[in-house]
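Asker: Quick one, protein-v7.txt (compact mmCIF, C-alpha atoms):
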```txt
# COMPACT_ATOMS: atom_id res chain seq x y z
CA MET L 1 101.43 88.75 106.50
CA ALA L 2 100.60 87.03 103.28
CA HIS L 3 100.59 89.83 100.70
CA SER L 4 103.75 91.67 101.66
CA SER L 5 104.33 93.82 98.55
CA SER L 6 101.20 96.01 98.65
CA PRO L 7 100.01 96.01 102.23
CA TYR L 8 97.90 99.12 102.75
CA GLY L 9 97.61 101.00 99.44
CA ALA L 10 95.61 98.32 97.68
CA ARG L 11 93.48 97.77 100.77
CA ARG L 12 92.59 101.46 100.99
CA ILE L 13 91.77 101.66 97.28
CA ALA L 14 89.66 98.49 97.49
CA LEU L 15 87.78 99.74 100.52
CA ALA L 16 87.25 103.16 98.94
CA CYS L 17 85.96 101.55 95.71
CA PHE L 18 83.56 99.32 97.61
CA ALA L 19 82.32 102.16 99.79
CA LEU L 20 81.85 104.34 96.72
CA LEU L 21 79.87 101.60 95.01
CA LEU L 22 77.69 101.10 98.08
CA VAL L 23 76.97 104.82 98.35
CA ALA L 24 76.25 105.10 94.62
CA LEU L 25 73.90 102.10 94.70
CA PHE L 26 72.18 103.49 97.79
CA LEU L 27 71.76 107.02 96.41
CA PHE L 28 71.03 106.29 92.74
CA PRO L 29 69.90 102.65 92.56
CA ALA L 30 67.84 102.90 89.38
CA GLN L 31 70.37 105.02 87.51
CA ILE L 32 73.35 102.79 88.40
CA GLN L 33 71.48 99.62 87.53
CA GLY L 34 70.21 101.18 84.31
CA LEU L 35 73.75 102.23 83.38
CA LEU L 36 75.19 98.78 84.11
CA GLN L 37 72.36 97.13 82.18
CA TYR L 38 73.01 99.48 79.25
CA LEU L 39 76.75 98.71 79.34
CA GLY L 40 75.86 95.03 79.48
CA GLY L 41 74.31 95.24 75.99
CA PRO L 42 77.63 95.03 74.10
CA VAL L 43 79.01 92.56 76.69
CA GLY L 44 76.19 90.23 75.63
CA TYR L 45 77.72 90.01 72.13
CA VAL L 46 81.13 89.05 73.56
CA VAL L 47 79.72 86.47 75.97
CA ARG L 48 77.48 85.07 73.24
CA VAL L 49 80.50 83.54 71.43
CA PRO L 50 81.63 81.08 74.16
CA LEU L 51 78.06 80.64 75.37
CA GLU L 52 76.69 79.58 71.98
CA ALA L 53 79.76 77.42 71.28
CA ILE L 54 79.36 75.50 74.53
CA ALA L 55 75.57 75.37 74.16
CA SER L 56 75.90 73.85 70.68
CA ILE L 57 78.39 71.25 71.95
CA ASP L 58 76.01 70.51 74.80
CA ALA L 59 73.07 70.19 72.39
CA GLY L 60 75.14 67.94 70.11
CA ILE L 61 76.00 65.60 72.97
CA ALA L 62 72.37 65.56 74.12
CA GLU L 63 71.24 64.73 70.57
CA ARG L 64 73.75 61.85 70.30
CA TRP L 65 72.50 60.59 73.63
CA GLU L 66 68.90 60.75 72.44
CA GLN L 67 69.79 58.99 69.18
CA TYR L 68 71.92 56.13 70.37
CA VAL L 69 71.72 55.58 74.07
CA ALA L 70 68.23 56.52 75.09
CA LEU L 71 66.45 54.34 72.50
CA GLN L 72 65.00 52.05 75.15
CA GLY L 73 61.28 52.24 75.25
CA VAL L 74 61.00 53.84 71.81
CA ARG L 75 58.78 51.02 70.51
CA GLU L 76 56.26 51.47 73.31
CA GLU L 77 56.41 55.21 72.89
CA ASN L 78 55.84 54.80 69.16
CA GLN L 79 52.73 52.73 69.73
CA GLN L 80 51.41 55.21 72.23
CA LEU L 81 52.07 58.08 69.85
CA ARG L 82 50.24 56.26 67.04
CA LYS L 83 47.21 55.93 69.30
CA GLU L 84 47.49 59.60 70.17
CA ILE L 85 47.65 60.53 66.46
CA GLU L 86 44.47 58.56 65.81
CA TRP L 87 42.74 60.37 68.65
CA LEU L 88 44.06 63.74 67.47
CA ARG L 89 42.85 63.08 63.92
CA GLY L 90 39.36 62.66 65.29
CA GLN L 91 39.72 65.83 67.31
CA HIS L 92 41.10 67.64 64.27
CA SER L 93 38.12 66.87 62.09
CA GLN L 94 35.77 67.96 64.86
CA LEU L 95 37.70 71.18 65.34
CA ARG L 96 37.66 71.88 61.61
CA GLU L 97 33.90 71.68 61.71
CA SER L 98 33.83 74.03 64.68
CA ALA L 99 36.25 76.43 62.98
CA ALA L 100 34.10 76.55 59.88
CA ALA L 101 31.02 77.23 61.99
CA THR L 102 32.89 79.94 63.93
CA GLU L 103 33.99 81.56 60.69
CA ARG L 104 30.41 81.66 59.44
CA LEU L 105 29.18 83.12 62.70
CA THR L 106 32.04 85.63 62.82
CA ALA L 107 31.15 86.84 59.35
CA LEU L 108 27.49 87.02 60.31
CA LEU L 109 28.16 89.03 63.46
CA HIS L 110 30.87 91.26 61.88
CA PHE L 111 33.37 90.36 64.58
CA LYS L 112 36.89 91.59 64.07
CA GLU L 113 39.30 88.78 63.19
CA GLN L 114 41.93 87.93 65.77
CA ALA L 115 45.24 89.20 64.51
CA ILE L 116 48.00 86.59 64.58
CA PRO L 117 50.75 87.94 66.84
CA ALA L 118 54.21 88.54 65.38
CA MET L 119 56.66 86.05 66.84
CA VAL L 120 60.37 85.43 66.68
CA ALA L 121 61.88 81.95 67.20
CA ALA L 122 64.76 81.55 69.64
CA GLN L 123 66.87 78.75 71.06
CA VAL L 124 67.40 78.04 74.74
CA ILE L 125 71.14 78.25 75.41
CA GLY L 126 71.23 78.10 79.19
CA ARG L 127 69.55 78.38 82.59
CA ASP L 128 69.63 81.13 85.21
CA THR L 129 73.08 81.62 86.74
CA THR L 130 71.63 81.37 90.26
CA ASN L 131 69.48 78.74 91.97
CA ARG L 132 67.04 81.32 93.27
CA TYR L 133 65.15 81.95 90.03
CA ARG L 134 63.63 79.62 87.47
CA ALA L 135 64.72 81.25 84.24
CA ILE L 136 66.09 80.30 80.83
CA ILE L 137 68.46 82.18 78.53
CA LEU L 138 67.65 82.69 74.86
CA ASN L 139 70.08 83.29 71.99
CA LYS L 140 68.14 86.33 70.76
CA GLY L 141 68.19 89.78 72.32
CA GLU L 142 67.62 93.49 71.73
CA SER L 143 69.10 93.34 68.22
CA ASP L 144 66.36 90.88 67.25
CA GLY L 145 63.64 93.15 68.61
CA ILE L 146 63.16 91.37 71.94
CA LYS L 147 62.24 93.60 74.86
CA PRO L 148 61.42 93.01 78.54
CA ASP L 149 57.83 91.87 79.32
CA MET L 150 57.34 90.08 76.00
CA GLY L 151 55.59 86.74 76.30
CA VAL L 152 57.38 83.48 75.49
CA VAL L 153 55.55 80.35 74.31
CA THR L 154 56.01 76.98 72.61
CA PRO L 155 53.39 75.26 70.45
CA ALA L 156 52.38 73.39 73.64
CA GLY L 157 51.72 76.47 75.75
CA VAL L 158 53.06 79.34 77.83
CA VAL L 159 56.71 79.29 78.94
CA GLY L 160 57.16 82.65 80.66
CA ARG L 161 58.07 86.25 79.96
CA VAL L 162 61.22 88.15 79.12
CA VAL L 163 62.64 90.03 82.12
CA LYS L 164 66.08 91.10 80.95
CA THR L 165 67.85 91.58 77.63
CA THR L 166 71.37 92.20 76.35
CA GLY L 167 72.31 92.87 72.74
CA ALA L 168 72.39 89.19 71.82
CA SER L 169 70.55 87.30 74.58
CA SER L 170 67.56 87.53 76.84
CA VAL L 171 66.45 86.07 80.16
CA VAL L 172 62.98 84.52 80.42
CA LEU L 173 61.36 84.09 83.83
CA LEU L 174 59.43 80.82 83.69
CA VAL L 175 55.76 80.52 84.53
CA THR L 176 56.79 78.20 87.39
CA ASP L 177 58.82 80.90 89.16
CA PRO L 178 57.08 82.40 92.22
CA ASN L 179 58.04 85.90 91.04
CA ASN L 180 56.04 85.52 87.85
CA ALA L 181 52.36 86.41 87.44
CA ILE L 182 50.19 85.95 84.35
CA ALA L 183 46.48 86.65 83.94
CA GLY L 184 44.73 83.30 83.45
CA LEU L 185 41.26 82.01 82.66
CA ILE L 186 39.64 78.62 83.29
CA GLN L 187 38.67 77.52 79.80
CA ARG L 188 35.45 75.73 80.77
CA THR L 189 34.00 78.07 83.39
CA ARG L 190 35.53 81.35 82.03
CA ASP L 191 36.54 82.37 85.56
CA GLU L 192 39.60 84.57 85.71
CA GLY L 193 42.53 84.58 88.09
CA ILE L 194 46.25 85.18 88.37
CA VAL L 195 48.70 82.37 87.64
CA GLU L 196 51.81 82.42 89.82
CA GLY L 197 54.67 79.95 90.08
CA THR L 198 55.19 77.87 93.21
CA GLN L 199 58.42 76.99 94.97
CA GLN L 200 57.90 73.33 94.06
CA GLY L 201 58.15 74.14 90.34
CA LEU L 202 54.43 74.06 89.57
CA ALA L 203 51.94 76.93 89.11
CA ARG L 204 48.93 78.16 91.05
CA LEU L 205 45.82 79.96 89.85
CA LYS L 206 44.83 82.46 92.55
CA TYR L 207 41.83 84.72 93.16
CA ILE L 208 39.23 82.37 91.63
CA PRO L 209 35.67 83.42 92.64
CA LEU L 210 34.17 81.25 95.41
CA LEU L 211 31.15 80.38 93.27
CA SER L 212 33.27 79.00 90.45
CA THR L 213 32.50 75.38 89.56
CA LEU L 214 36.05 74.46 88.62
CA ARG L 215 37.20 70.86 88.89
CA ASP L 216 40.33 68.74 88.50
CA GLY L 217 41.41 68.46 84.88
CA ASP L 218 40.09 71.88 83.84
CA ARG L 219 42.45 73.70 81.52
CA VAL L 220 43.72 77.18 82.30
CA VAL L 221 44.56 79.51 79.41
CA THR L 222 45.81 83.08 79.15
CA SER L 223 43.05 85.64 79.51
CA GLY L 224 44.77 88.19 77.27
CA LEU L 225 43.67 91.05 79.51
CA VAL L 226 47.01 91.89 81.09
CA GLY L 227 50.52 91.55 79.71
CA ASP L 228 51.80 90.55 76.32
CA PHE L 229 50.03 87.22 75.86
CA PRO L 230 47.19 86.74 73.41
CA ARG L 231 44.01 85.13 74.74
CA GLY L 232 43.68 81.36 74.75
CA LEU L 233 47.26 80.06 75.11
CA VAL L 234 47.36 77.00 77.33
CA ILE L 235 49.09 77.51 80.68
CA GLY L 236 48.30 74.23 82.45
CA THR L 237 45.76 71.80 83.87
CA ILE L 238 44.20 71.99 87.33
CA THR L 239 45.39 69.16 89.56
CA ARG L 240 44.19 70.28 93.00
CA ILE L 241 41.68 72.80 94.31
CA ASP L 242 42.19 74.63 97.60
CA LYS L 243 39.14 76.15 99.22
CA GLU L 244 39.78 77.52 102.69
CA GLU L 245 36.93 78.27 105.05
CA GLY L 246 36.31 81.99 105.40
CA ALA L 247 38.51 82.87 102.44
CA LEU L 248 37.27 85.32 99.84
CA PHE L 249 38.68 83.35 96.93
CA GLN L 250 39.69 79.80 96.11
CA SER L 251 42.91 78.76 94.43
CA ALA L 252 44.04 75.79 92.35
CA GLU L 253 47.31 74.07 91.69
CA LEU L 254 48.26 73.67 88.03
CA MET L 255 50.46 71.25 86.19
CA PRO L 256 52.13 73.43 83.52
CA GLU L 257 51.50 72.27 79.96
CA VAL L 258 55.13 72.79 78.96
CA ASP L 259 57.86 70.66 80.54
CA MET L 260 60.17 73.49 81.54
CA SER L 261 63.19 71.23 81.99
CA ARG L 262 63.06 70.15 78.34
CA VAL L 263 62.36 73.40 76.52
CA GLU L 264 64.79 73.81 73.62
CA GLU L 265 63.12 76.21 71.18
CA VAL L 266 60.61 78.92 71.96
CA LEU L 267 58.65 81.68 70.27
CA VAL L 268 58.81 85.24 71.62
CA ILE L 269 55.61 87.21 71.08
CA GLN L 270 56.67 90.60 69.75
CA THR L 271 53.26 92.09 69.06
CA SER L 272 50.49 90.81 71.22
CA TYR L 273 46.93 90.26 70.13
CA GLY L 274 45.88 93.02 72.50
CA GLN L 275 48.19 95.57 70.90
CA SER L 276 47.26 94.64 67.35
CA LEU L 277 43.58 94.59 68.26
CA LYS L 278 43.84 98.03 69.83
CA ALA L 279 45.61 99.36 66.74
CA GLY L 280 43.10 97.63 64.52
CA ALA L 281 40.16 98.86 66.53
CA GLY L 282 41.52 102.39 66.34
CA SER L 283 41.79 102.29 62.58
CA ASN L 284 38.39 100.64 62.32
CA LEU L 285 36.81 103.44 64.27
CA LEU L 286 38.40 106.00 61.98
CA GLU L 287 37.16 104.19 58.93
CA LYS L 288 33.63 103.55 60.14
CA PRO L 289 32.35 106.12 62.59
CA ALA L 290 29.66 104.89 64.94
CA PRO L 291 26.18 105.60 63.65
CA MET Z 1 98.44 89.17 80.74
CA LYS Z 2 96.73 89.07 84.12
CA PHE Z 3 93.91 91.26 82.80
CA LEU Z 4 93.43 88.90 79.85
CA SER Z 5 93.30 85.85 82.09
CA TYR Z 6 90.72 87.53 84.33
CA MET Z 7 88.68 88.44 81.26
CA ILE Z 8 88.77 84.85 80.01
CA LEU Z 9 87.78 83.65 83.48
CA VAL Z 10 84.77 85.98 83.56
CA LEU Z 11 83.72 85.07 80.01
CA LEU Z 12 84.02 81.33 80.61
CA LEU Z 13 82.11 81.50 83.88
CA VAL Z 14 78.90 82.37 82.02
CA PRO Z 15 78.66 79.20 79.85
CA LEU Z 16 79.93 77.15 82.78
CA GLN Z 17 77.24 78.47 85.11
CA THR Z 18 74.36 78.57 82.61
CA THR Z 19 74.97 75.59 80.34
CA LEU Z 20 77.31 73.03 81.90
CA LEU Z 21 76.58 73.17 85.62
CA PRO Z 22 72.81 72.49 85.29
CA HIS Z 23 73.85 68.97 84.14
CA LEU Z 24 75.92 68.49 87.29
CA SER Z 25 73.30 69.87 89.65
CA VAL Z 26 72.27 67.78 92.65
CA TRP Z 27 68.54 67.95 93.45
CA GLY Z 28 68.36 70.94 91.13
CA ILE Z 29 71.07 72.83 93.01
CA LYS Z 30 74.26 73.90 91.29
CA PRO Z 31 77.26 75.58 92.90
CA ASP Z 32 77.85 79.30 92.45
CA MET Z 33 81.17 79.25 90.61
CA GLY Z 34 81.21 83.06 90.51
CA LEU Z 35 81.37 83.20 94.28
CA VAL Z 36 84.06 80.50 94.40
CA ALA Z 37 86.15 82.22 91.70
CA ALA Z 38 85.88 85.63 93.41
CA ALA Z 39 86.97 84.11 96.73
CA ILE Z 40 89.97 82.30 95.23
CA VAL Z 41 91.11 85.37 93.24
CA GLY Z 42 90.76 87.53 96.36
CA LEU Z 43 92.70 85.03 98.43
CA LEU Z 44 95.53 84.70 95.94
CA ALA Z 45 95.73 88.22 94.49
CA GLY Z 46 94.65 90.50 97.33
CA GLU Z 47 91.64 92.63 98.13
CA LEU Z 48 91.76 95.11 95.22
CA GLU Z 49 91.95 92.45 92.52
CA GLY Z 50 89.46 90.32 94.46
CA LEU Z 51 87.03 93.22 94.58
CA LEU Z 52 87.41 94.19 90.93
CA VAL Z 53 87.22 90.64 89.60
CA GLY Z 54 84.32 89.91 91.96
CA LEU Z 55 82.46 92.97 90.69
CA ALA Z 56 83.10 91.98 87.07
CA ILE Z 57 81.90 88.42 87.75
CA GLY Z 58 78.82 89.67 89.59
CA TRP Z 59 77.96 92.13 86.84
CA VAL Z 60 78.38 89.72 83.91
CA LEU Z 61 76.61 86.81 85.67
CA SER Z 62 73.70 89.06 86.63
CA LEU Z 63 73.14 89.85 82.94
CA PHE Z 64 72.19 86.18 82.56
CA SER Z 65 69.99 85.92 85.60
CA ALA Z 66 66.47 87.09 86.45
CA GLY Z 67 67.81 88.37 89.78
CA GLU Z 68 68.69 91.87 90.88
CA LEU Z 69 71.89 93.29 89.47
CA TRP Z 70 72.99 95.12 92.63
CA LEU Z 71 72.75 91.97 94.73
CA SER Z 72 75.03 89.93 92.49
CA LEU Z 73 77.41 92.86 92.15
CA LEU Z 74 77.73 93.48 95.88
CA MET Z 75 77.89 89.81 96.87
CA ASN Z 76 80.64 88.78 94.47
CA GLY Z 77 82.57 92.02 94.95
CA GLY Z 78 82.21 91.76 98.71
CA VAL Z 79 83.39 88.15 98.74
CA GLY Z 80 86.47 89.05 96.66
CA LEU Z 81 87.27 91.90 99.04
CA LEU Z 82 86.71 89.77 102.15
CA ALA Z 83 88.82 86.94 100.78
CA GLY Z 84 91.58 89.45 100.06
CA PHE Z 85 91.53 90.62 103.70
CA LEU Z 86 91.58 87.07 104.97
CA GLY Z 87 94.41 86.16 102.61
CA ARG Z 88 96.43 89.00 104.09
CA HIS Z 89 95.78 88.13 107.73
CA VAL Z 90 95.69 84.33 107.69
CA SER Z 91 99.09 82.83 107.13
CA GLN Z 92 98.01 79.26 106.47
CA VAL Z 93 94.93 78.82 104.29
CA THR Z 94 93.94 75.21 103.74
CA ALA Z 95 91.31 73.74 101.45
CA ILE Z 96 89.14 72.92 104.48
CA SER Z 97 89.33 76.41 105.96
CA LEU Z 98 88.48 77.92 102.57
CA GLY Z 99 85.58 75.48 102.22
CA LEU Z 100 84.22 76.43 105.64
CA GLY Z 101 84.62 80.11 104.87
CA LEU Z 102 82.77 79.68 101.60
CA ILE Z 103 79.92 77.85 103.35
CA LEU Z 104 79.52 80.76 105.77
CA VAL Z 105 79.73 83.42 103.06
CA SER Z 106 77.36 81.54 100.76
CA LEU Z 107 74.91 81.02 103.63
CA ALA Z 108 75.01 84.72 104.51
CA SER Z 109 74.59 85.86 100.91
CA GLY Z 110 71.84 83.31 100.26
CA LEU Z 111 69.94 84.39 103.36
CA PHE Z 112 70.30 88.03 102.40
CA ALA Z 113 69.06 87.27 98.87
CA ALA Z 114 66.11 85.27 100.24
CA MET Z 115 65.14 88.13 102.51
CA THR Z 116 65.05 90.53 99.55
CA PHE Z 117 62.27 88.42 98.00
CA LYS Z 118 59.15 90.50 98.53
CA SER Z 119 56.42 87.87 98.43
CA LEU Z 120 57.90 85.26 100.78
CA ASN Z 121 56.18 84.47 104.07
CA THR Z 122 57.99 82.74 106.96
CA SER Z 123 57.25 79.17 105.86
CA GLN Z 124 58.27 79.91 102.28
CA LEU Z 125 61.44 81.58 103.51
CA TRP Z 126 62.27 78.53 105.61
CA TRP Z 127 61.55 76.25 102.65
CA MET Z 128 63.93 78.31 100.53
CA VAL Z 129 66.63 78.21 103.19
CA GLU Z 130 66.50 74.44 103.68
CA SER Z 131 66.05 73.51 100.03
CA VAL Z 132 68.11 76.13 98.19
CA VAL Z 133 70.33 78.29 100.42
CA PHE Z 134 71.77 75.61 102.71
CA PRO Z 135 72.44 72.93 100.06
CA GLN Z 136 74.00 75.54 97.82
CA ALA Z 137 76.25 76.78 100.62
CA CYS Z 138 77.45 73.21 101.23
CA PHE Z 139 77.96 72.71 97.51
CA ASP Z 140 79.91 75.99 97.20
CA GLY Z 141 82.10 75.02 100.15
CA VAL Z 142 82.90 71.56 98.78
CA VAL Z 143 83.58 72.82 95.23
CA GLY Z 144 85.71 75.72 96.50
CA ALA Z 145 87.75 73.42 98.76
CA ALA Z 146 88.22 70.87 95.98
CA LEU Z 147 89.29 73.55 93.52
CA TYR Z 148 91.74 75.07 96.00
CA TRP Z 149 93.16 71.63 96.78
CA LEU Z 150 93.61 70.90 93.06
CA LEU Z 151 95.29 74.27 92.56
CA SER Z 152 97.60 73.63 95.52
CA LEU Z 153 98.68 70.33 93.93
CA ARG Z 154 99.60 72.11 90.71
CA PHE Z 155 100.95 75.46 91.98
CA ASP Z 156 102.77 76.74 95.02
CA LEU Z 157 99.87 78.80 96.34
CA ARG Z 158 101.83 80.13 99.33
CA ARG Z 159 104.36 81.68 96.97
CA LEU Z 160 101.57 83.01 94.73
CA ARG Z 161 99.96 84.69 97.74
CA THR Z 162 103.16 86.46 98.79
CA GLU Z 163 104.04 87.70 95.28
```
Show the structure stored in the file as structure tokens.
Answerer:
Amino acid sequence: MAHSSSPYGARRIALACFALLLVALFLFPAQIQGLLQYLGGPVGYVVRVPLEAIASIDAGIAERWEQYVALQGVREENQQLRKEIEWLRGQHSQLRESAAATERLTALLHFKEQAIPAMVAAQVIGRDTTNRYRAIILNKGESDGIKPDMGVVTPAGVVGRVVKTTGASSVVLLVTDPNNAIAGLIQRTRDEGIVEGTQQGLARLKYIPLLSTLRDGDRVVTSGLVGDFPRGLVIGTITRIDKEEGALFQSAELMPEVDMSRVEEVLVIQTSYGQSLKAGAGSNLLEKPAP
Amino acid sequence: MKFLSYMILVLLLVPLQTTLLPHLSVWGIKPDMGLVAAAIVGLLAGELEGLLVGLAIGWVLSLFSAGELWLSLLMNGGVGLLAGFLGRHVSQVTAISLGLGLILVSLASGLFAAMTFKSLNTSQLWWMVESVVFPQACFDGVVGAALYWLLSLRFDLRRLRTE
């Protein structure tokens, strides 16, 4: 017998504790999980100290690596980026023209202006503790006004949505996780669908109407109809279309716009366009009753 | 003193699992150090401490995961408890036997977790088993065995287990 000093007492207590926990989780699953999640709020502050310390050391090492070791190919990259800047300048001037025209038309048609959503910036300090989910951990939590279901983006596009928070951190389920679903829209054809992650780390737009004329290279953006994302944020680009015989819908594989393995800073959308629009529309109606 | 060391272990497991281990992952798979730690504590300190430390590890790690809290809680707590029972009934625990045990436990817990996924069909479940659950179980077994072997070089684990 290995543990000779406390042979049966500890075993009985351990078994009783485990059985009690099982029964409690079976009888009151939501309450127990809610309680543990609530208790986890303050724990987040304690864990934040070593987590942020190690994350900053990690980021420092990565930065040194980027600066000194990984300089190979920078010249080629520089040239390519210069070309891209030239191209983007052209695009920019075109878009400015379009924006001016849109502004004129908006004023003419008395459209309500799109409210800019309130966002909070956060740093990525880690990845999901398990291998089963594709998620990142942010250094901002409940105390910064972050709540579950808020959308998370970068200037490049959609990253995911918040699924869990503690006092000082939050967990973001990436758009590439199969458990995630975001309402999407093909920018060119305006056909709507649901974007879900795939197990291979990509995304898939599902429930596209059969008559849609989508093609490879089409961009998919958020539709803004469901969830906390404003309309028009880039999700990804269509790389493959799947059209099965007899199926009611077609689906398409997407290459996400954001490289999820390299995300370092993100923006959490605290007030979505939809919410602000609803609030705005409400006040508008009060101010100007329909004729 | 023991409580403090367990607390430090639990607190350090979070940055280890979320920040450091992703750099050491093989084909995107990293070992579950929470499971390994719960098993070793259970083995060395008995079932009650194994259970309590396992529960604490499961709870804290689940706060930093998109997964279900109850699953992490029960798996880590259960592994601590099971390791405590084994530690009491097996007189000679070697690094290899611990590694094999961890592979089995990790496989079982991974399969259970995969089956709780609502939207998986059979082919997706099989894909998850062969590309996530099985490699992770092997990884957990190897890391657990290596850690136990390193500990046995530094400490007299047989004496620790009988204290």
Asker: How many Å lie between CA of Arg154 (chain Z) and CA of Met33 (chain Z), rounded to one decimal?
Answerer: 19.8 Å
Asker: Would you mind telling me which residue in L:Gly90, L:Gly40, L:Pro117, L:Gly167 lies nearest to chain Z when using all atoms listed in the file?
Answerer: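 With all atoms listed in the file as the atom set, the closest residue is L:Gly40.
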Asker: When you look at Leu86 (chain Z) with a cut-off of 10 Å (counting all atoms listed in the file), what residues show up, excluding the ones that are within fewer than 4 positions of it in the same chain? I need them as a ChimeraX atom specification.
Answerer: /L:2 /Z:39,42-43,46-47,80-82,90-91,93,98,101
Asker: Just how far from CA of Gly77 (chain Z) is CA of Ile40 (chain Z), in Å to one decimal?
Answerer: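 Taking CA of Ile40 (chain Z) and CA of Gly77 (chain Z), their separation equals 12.2 Å.
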Asker: Which residues of chain L sit at most 7 Å from chain Z, using all atoms listed in the file? Give each one's shortest atom pair and distance in Å (one decimal place), in chain and ascending residue order, as JSON lines.
Answerer:
```
{"residue": "L:Met1", "atom": "CA", "partner": "Z:Arg88", "partner_atom": "CA", "distance": 5.6}
{"residue": "L:Ala2", "atom": "CA", "partner": "Z:Arg88", "partner_atom": "CA", "distance": 4.7}
{"residue": "L:His3", "atom": "CA", "partner": "Z:Thr162", "partner_atom": "CA", "distance": 4.6}
{"residue": "L:Ser4", "atom": "CA", "partner": "Z:Thr162", "partner_atom": "CA", "distance": 6.0}
{"residue": "L:Ser5", "atom": "CA", "partner": "Z:Glu163", "partner_atom": "CA", "distance": 6.9}
{"residue": "L:Ala10", "atom": "CA", "partner": "Z:Leu48", "partner_atom": "CA", "distance": 5.6}
{"residue": "L:Arg11", "atom": "CA", "partner": "Z:Glu47", "partner_atom": "CA", "distance": 6.1}
{"residue": "L:Ile13", "atom": "CA", "partner": "Z:Leu48", "partner_atom": "CA", "distance": 6.9}
{"residue": "L:Ala14", "atom": "CA", "partner": "Z:Leu48", "partner_atom": "CA", "distance": 4.6}
{"residue": "L:Gln33", "atom": "CA", "partner": "Z:Leu69", "partner_atom": "CA", "distance": 6.6}
{"residue": "L:Gly40", "atom": "CA", "partner": "Z:Leu63", "partner_atom": "CA", "distance": 6.8}
{"residue": "L:Val47", "atom": "CA", "partner": "Z:Leu11", "partner_atom": "CA", "distance": 5.9}
{"residue": "L:Pro50", "atom": "CA", "partner": "Z:Pro15", "partner_atom": "CA", "distance": 6.7}
{"residue": "L:Leu51", "atom": "CA", "partner": "Z:Pro15", "partner_atom": "CA", "distance": 4.7}
{"residue": "L:Ile54", "atom": "CA", "partner": "Z:Pro15", "partner_atom": "CA", "distance": 6.5}
{"residue": "L:Ala55", "atom": "CA", "partner": "Z:Thr19", "partner_atom": "CA", "distance": 6.2}
{"residue": "L:Ile125", "atom": "CA", "partner": "Z:Thr19", "partner_atom": "CA", "distance": 6.8}
{"residue": "L:Gly126", "atom": "CA", "partner": "Z:Thr19", "partner_atom": "CA", "distance": 4.6}
{"residue": "L:Arg127", "atom": "CA", "partner": "Z:Thr18", "partner_atom": "CA", "distance": 4.8}
{"residue": "L:Asp128", "atom": "CA", "partner": "Z:Ser65", "partner_atom": "CA", "distance": 4.8}
{"residue": "L:Thr129", "atom": "CA", "partner": "Z:Thr18", "partner_atom": "CA", "distance": 5.3}
{"residue": "L:Thr130", "atom": "CA", "partner": "Z:Ser65", "partner_atom": "CA", "distance": 6.7}
{"residue": "L:Asn131", "atom": "CA", "partner": "Z:Ile29", "partner_atom": "CA", "distance": 6.2}
{"residue": "L:Tyr133", "atom": "CA", "partner": "Z:Ala66", "partner_atom": "CA", "distance": 6.4}
{"residue": "L:Ala135", "atom": "CA", "partner": "Z:Ala66", "partner_atom": "CA", "distance": 6.5}
{"residue": "L:Ile137", "atom": "CA", "partner": "Z:Phe64", "partner_atom": "CA", "distance": 6.8}
{"residue": "L:Val163", "atom": "CA", "partner": "Z:Ala66", "partner_atom": "CA", "distance": 6.5}
{"residue": "L:Lys164", "atom": "CA", "partner": "Z:Ala66", "partner_atom": "CA", "distance": 6.8}
{"residue": "L:Val171", "atom": "CA", "partner": "Z:Phe64", "partner_atom": "CA", "distance": 6.2}
{"residue": "L:Leu173", "atom": "CA", "partner": "Z:Ala66", "partner_atom": "CA", "distance": 6.5}
```
Asker: Mind pulling up the distance from CA of Glu265 (chain L) to CA of Glu196 (chain L)?
Answerer: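 Separation of CA of Glu196 (chain L) and CA of Glu265 (chain L): 22.7 Å.
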